[in-house]
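For reference, structure-v1.pdb (PDB, C-alpha atoms):
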ATOM      1  CA  MET A 788      15.522  52.896  68.764
ATOM      2  CA  GLY A 789      11.847  52.179  68.314
ATOM      3  CA  THR A 790       9.907  49.031  69.126
ATOM      4  CA  ALA A 791      11.079  45.644  67.863
ATOM      5  CA  ARG A 792       8.318  45.716  65.234
ATOM      6  CA  GLU A 793       9.339  49.177  64.017
ATOM      7  CA  VAL A 794      12.991  48.142  63.775
ATOM      8  CA  LEU A 795      12.158  44.981  61.795
ATOM      9  CA  ASN A 796       9.901  46.921  59.419
ATOM     10  CA  GLU A 797      12.593  49.539  58.931
ATOM     11  CA  LEU A 798      15.152  46.834  58.129
ATOM     12  CA  ARG A 799      12.775  45.269  55.634
ATOM     13  CA  TRP A 800      11.421  48.329  53.842
ATOM     14  CA  TRP A 801      13.772  51.277  54.412
ATOM     15  CA  GLY A 802      17.104  49.651  55.091
ATOM     16  CA  GLY A 803      17.759  48.221  51.649
ATOM     17  CA  ASN A 804      16.107  44.983  52.847
ATOM     18  CA  ARG A 805      18.687  44.190  55.508
ATOM     19  CA  LEU A 806      16.178  41.942  57.298
ATOM     20  CA  PRO A 807      17.708  38.688  55.940
ATOM     21  CA  VAL A 808      21.074  39.483  57.601
ATOM     22  CA  ALA A 809      19.531  40.410  60.970
ATOM     23  CA  VAL A 810      19.853  38.157  64.024
ATOM     24  CA  LEU A 811      17.188  38.183  66.745
ATOM     25  CA  TRP A 812      17.514  36.930  70.315
ATOM     26  CA  TYR A 813      14.072  35.751  71.366
ATOM     27  CA  ARG A 814      12.981  34.891  74.931
ATOM     28  CA  ASP A 815      12.044  31.206  75.133
ATOM     29  CA  ARG A 816      11.352  29.696  78.553
ATOM     30  CA  LEU A 817      11.618  26.156  77.165
ATOM     31  CA  ARG A 818      15.314  26.557  76.340
ATOM     32  CA  PRO A 819      17.880  26.008  79.119
ATOM     33  CA  GLU A 820      19.701  29.257  78.250
ATOM     34  CA  GLY A 821      16.376  31.122  78.016
ATOM     35  CA  LEU A 822      16.955  32.516  74.506
ATOM     36  CA  LEU A 823      16.348  31.313  70.975
ATOM     37  CA  LEU A 824      18.358  32.696  68.042
ATOM     38  CA  ILE A 825      16.277  33.536  64.965
ATOM     39  CA  ARG A 826      17.809  34.701  61.705
ATOM     40  CA  GLY A 827      16.024  37.429  59.779
ATOM     41  CA  SER A 828      16.050  35.210  56.703
ATOM     42  CA  GLU A 829      13.676  32.847  58.582
ATOM     43  CA  ILE A 830      11.001  35.554  58.927
ATOM     44  CA  VAL A 831       8.173  35.042  56.451
ATOM     45  CA  GLU A 832       5.803  37.837  57.497
ATOM     46  CA  LEU A 833       5.733  40.874  59.781
ATOM     47  CA  GLY A 834       2.229  41.276  61.170
ATOM     48  CA  ARG A 835       0.711  43.789  63.553
ATOM     49  CA  ARG A 836       1.350  41.898  66.817
ATOM     50  CA  TYR A 837       3.275  38.846  65.643
ATOM     51  CA  PHE A 838       5.947  37.898  63.170
ATOM     52  CA  THR A 839       5.825  34.587  61.352
ATOM     53  CA  THR A 840       8.543  32.042  60.598
ATOM     54  CA  ALA A 841       8.149  28.680  58.855
ATOM     55  CA  THR A 842       7.650  27.057  62.266
ATOM     56  CA  GLY A 843       5.189  29.429  63.919
ATOM     57  CA  ARG A 844       3.839  32.839  64.872
ATOM     58  CA  LEU A 845       5.773  34.693  67.564
ATOM     59  CA  PRO A 846       4.939  37.912  69.491
ATOM     60  CA  TYR A 847       7.261  40.898  69.146
ATOM     61  CA  TYR A 848       7.347  41.551  72.906
ATOM     62  CA  LYS A 849       9.594  38.514  73.427
ATOM     63  CA  ILE A 850      12.379  39.880  71.214
ATOM     64  CA  GLU A 851      15.262  40.863  73.489
ATOM     65  CA  ARG A 852      17.838  42.048  70.954
ATOM     66  CA  ILE A 853      18.305  42.583  67.209
ATOM     67  CA  GLU A 854      21.707  42.833  65.528
ATOM     68  CA  VAL A 855      22.623  43.540  61.926
ATOM     69  CA  VAL A 856      26.174  42.645  60.909
ATOM     70  CA  GLY A 857      27.352  42.929  64.524
ATOM     71  CA  GLU A 858      25.631  46.281  65.180
ATOM     72  CA  VAL A 859      22.903  46.321  67.849
ATOM     73  CA  VAL A 860      19.844  48.038  66.362
ATOM     74  CA  PHE A 861      17.374  47.075  69.116
ATOM     75  CA  GLU A 862      17.784  46.059  72.734
ATOM     76  CA  ARG A 863      14.969  45.701  75.212
ATOM     77  CA  ALA A 864      15.373  47.767  78.362
ATOM     78  CA  LYS A 865      16.411  45.717  81.388
ATOM     79  CA  ARG A 866      13.691  45.148  83.938
TER
END
Please express what this file holds, its structure, as structure tokens.
Amino acid sequence: MGTAREVLNELRWWGGNRLPVAVLWYRDRLRPEGLLLIRGSEIVELGRRYFTTATGRLPYYKIERIEVVGEVVFERAKR
């Protein structure tokens, strides 16, 4: 597994565009459970340090986990 950005780019460009079926768990301190679920189909752009959805620009370092059709393709190491 590479970085979250590398995994998302791979899903978009080299994985037969599997990005729309990906599910991301994103750290969000404003949510009671601490995580926000983002669907790959909501991602508008993959930038250098941030990815963009219709509602905002989010940093890659807050992505905790990425799954594609139930398969974990990225998981941040536990601290």
Polymer residues at most 8 Å from stretch 855-865 of chain A, all atoms listed in the file, same-chain spacing of 3 or more positions, as a list of chain:residue names =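 Final neighbour list, sorted by chain and number: A:Met788, A:Gly789, A:Thr790, A:Ala791, A:Val794, A:Arg805, A:Val808, A:Ala809, A:Val810, A:Ile850, A:Glu851, A:Arg852.
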Residue nearest A:Leu798 among A:Gly834, A:Pro819, A:Gly827, A:Gly843 (counting all atoms listed in the file) |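 Using all atoms listed in the file, the shortest distance to A:Leu798 belongs to A:Gly827.
Checking A:Ser828, A:Glu820, A:Phe838, A:Glu793 one by one against A:Leu806, counting only C-alpha atoms, you find the shortest gap at A:Ser828.
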Residue IDs satisfying the PyMOL selection byres ((chain A and resi 824) around 6), as a PyMOL selection string = chain A and resi 811-812+823+825
Grab the atom CA of A:Tyr847 to atom CA of A:Arg792 distance for me, in Å with one decimal place.
->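 These atoms are spaced 6.3 Å apart.
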Any idea what the distance is between atom CA of A:Asp815 and atom CA of A:Val831?
->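 Atom CA of A:Asp815 sits 19.5 Å away from atom CA of A:Val831.
Of note, atom CA of A:Ile853 and atom CA of A:Ala841 are spaced 19.1 Å apart.
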Stretch 829-841 of chain A, all listed atoms, 6 Å padding on each side: what axis-aligned box centre and edge lengths in Å to one decimal come out, as lines of an AutoDock Vina configuration file?
center_x = 7.2
center_y = 36.2
center_z = 61.6
size_x = 25.0
size_y = 27.1
size_z = 22.4
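The shortest atom-to-atom distance to A:Glu829, with all atoms listed in the file taken into account, belongs to A:Pro807 out of A:Arg814, A:Pro807, A:Tyr848, A:Asn796.
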Some atoms are absent from stretch 804-818 of chain A, so rebuild N, CA and C atoms and return them as an mmCIF file, in the frame of the given file.
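Result file out_24.cif:
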data_model
loop_
_atom_site.group_PDB
_atom_site.id
_atom_site.type_symbol
_atom_site.label_atom_id
_atom_site.label_comp_id
_atom_site.auth_asym_id
_atom_site.auth_seq_id
_atom_site.Cartn_x
_atom_site.Cartn_y
_atom_site.Cartn_z
ATOM 1 N N ASN A 804 16.450 46.361 52.498
ATOM 2 C CA ASN A 804 16.107 44.983 52.847
ATOM 3 C C ASN A 804 17.261 44.274 53.547
ATOM 4 N N ARG A 805 17.642 44.814 54.690
ATOM 5 C CA ARG A 805 18.687 44.190 55.508
ATOM 6 C C ARG A 805 18.116 43.153 56.469
ATOM 7 N N LEU A 806 16.814 42.917 56.413
ATOM 8 C CA LEU A 806 16.178 41.942 57.298
ATOM 9 C C LEU A 806 16.809 40.545 57.202
ATOM 10 N N PRO A 807 17.123 40.034 56.013
ATOM 11 C CA PRO A 807 17.708 38.688 55.940
ATOM 12 C C PRO A 807 19.042 38.525 56.688
ATOM 13 N N VAL A 808 19.786 39.604 56.895
ATOM 14 C CA VAL A 808 21.074 39.483 57.601
ATOM 15 C C VAL A 808 20.959 39.809 59.087
ATOM 16 N N ALA A 809 19.742 40.113 59.553
ATOM 17 C CA ALA A 809 19.531 40.410 60.970
ATOM 18 C C ALA A 809 19.538 39.124 61.792
ATOM 19 N N VAL A 810 19.889 39.264 63.067
ATOM 20 C CA VAL A 810 19.853 38.157 64.024
ATOM 21 C C VAL A 810 19.050 38.628 65.226
ATOM 22 N N LEU A 811 18.051 37.836 65.621
ATOM 23 C CA LEU A 811 17.188 38.183 66.745
ATOM 24 C C LEU A 811 17.438 37.221 67.896
ATOM 25 N N TRP A 812 17.487 37.756 69.109
ATOM 26 C CA TRP A 812 17.514 36.930 70.315
ATOM 27 C C TRP A 812 16.116 37.006 70.893
ATOM 28 N N TYR A 813 15.475 35.853 71.007
ATOM 29 C CA TYR A 813 14.072 35.751 71.366
ATOM 30 C C TYR A 813 13.927 34.984 72.677
ATOM 31 N N ARG A 814 13.190 35.551 73.637
ATOM 32 C CA ARG A 814 12.981 34.891 74.931
ATOM 33 C C ARG A 814 12.174 33.614 74.745
ATOM 34 N N ASP A 815 12.714 32.498 75.252
ATOM 35 C CA ASP A 815 12.044 31.206 75.133
ATOM 36 C C ASP A 815 12.249 30.434 76.432
ATOM 37 N N ARG A 816 11.210 30.325 77.238
ATOM 38 C CA ARG A 816 11.352 29.696 78.553
ATOM 39 C C ARG A 816 11.596 28.195 78.477
ATOM 40 N N LEU A 817 11.390 27.590 77.316
ATOM 41 C CA LEU A 817 11.618 26.156 77.165
ATOM 42 C C LEU A 817 13.087 25.811 76.921
ATOM 43 N N ARG A 818 13.884 26.785 76.583
ATOM 44 C CA ARG A 818 15.314 26.557 76.340
ATOM 45 C C ARG A 818 16.093 26.738 77.644
#
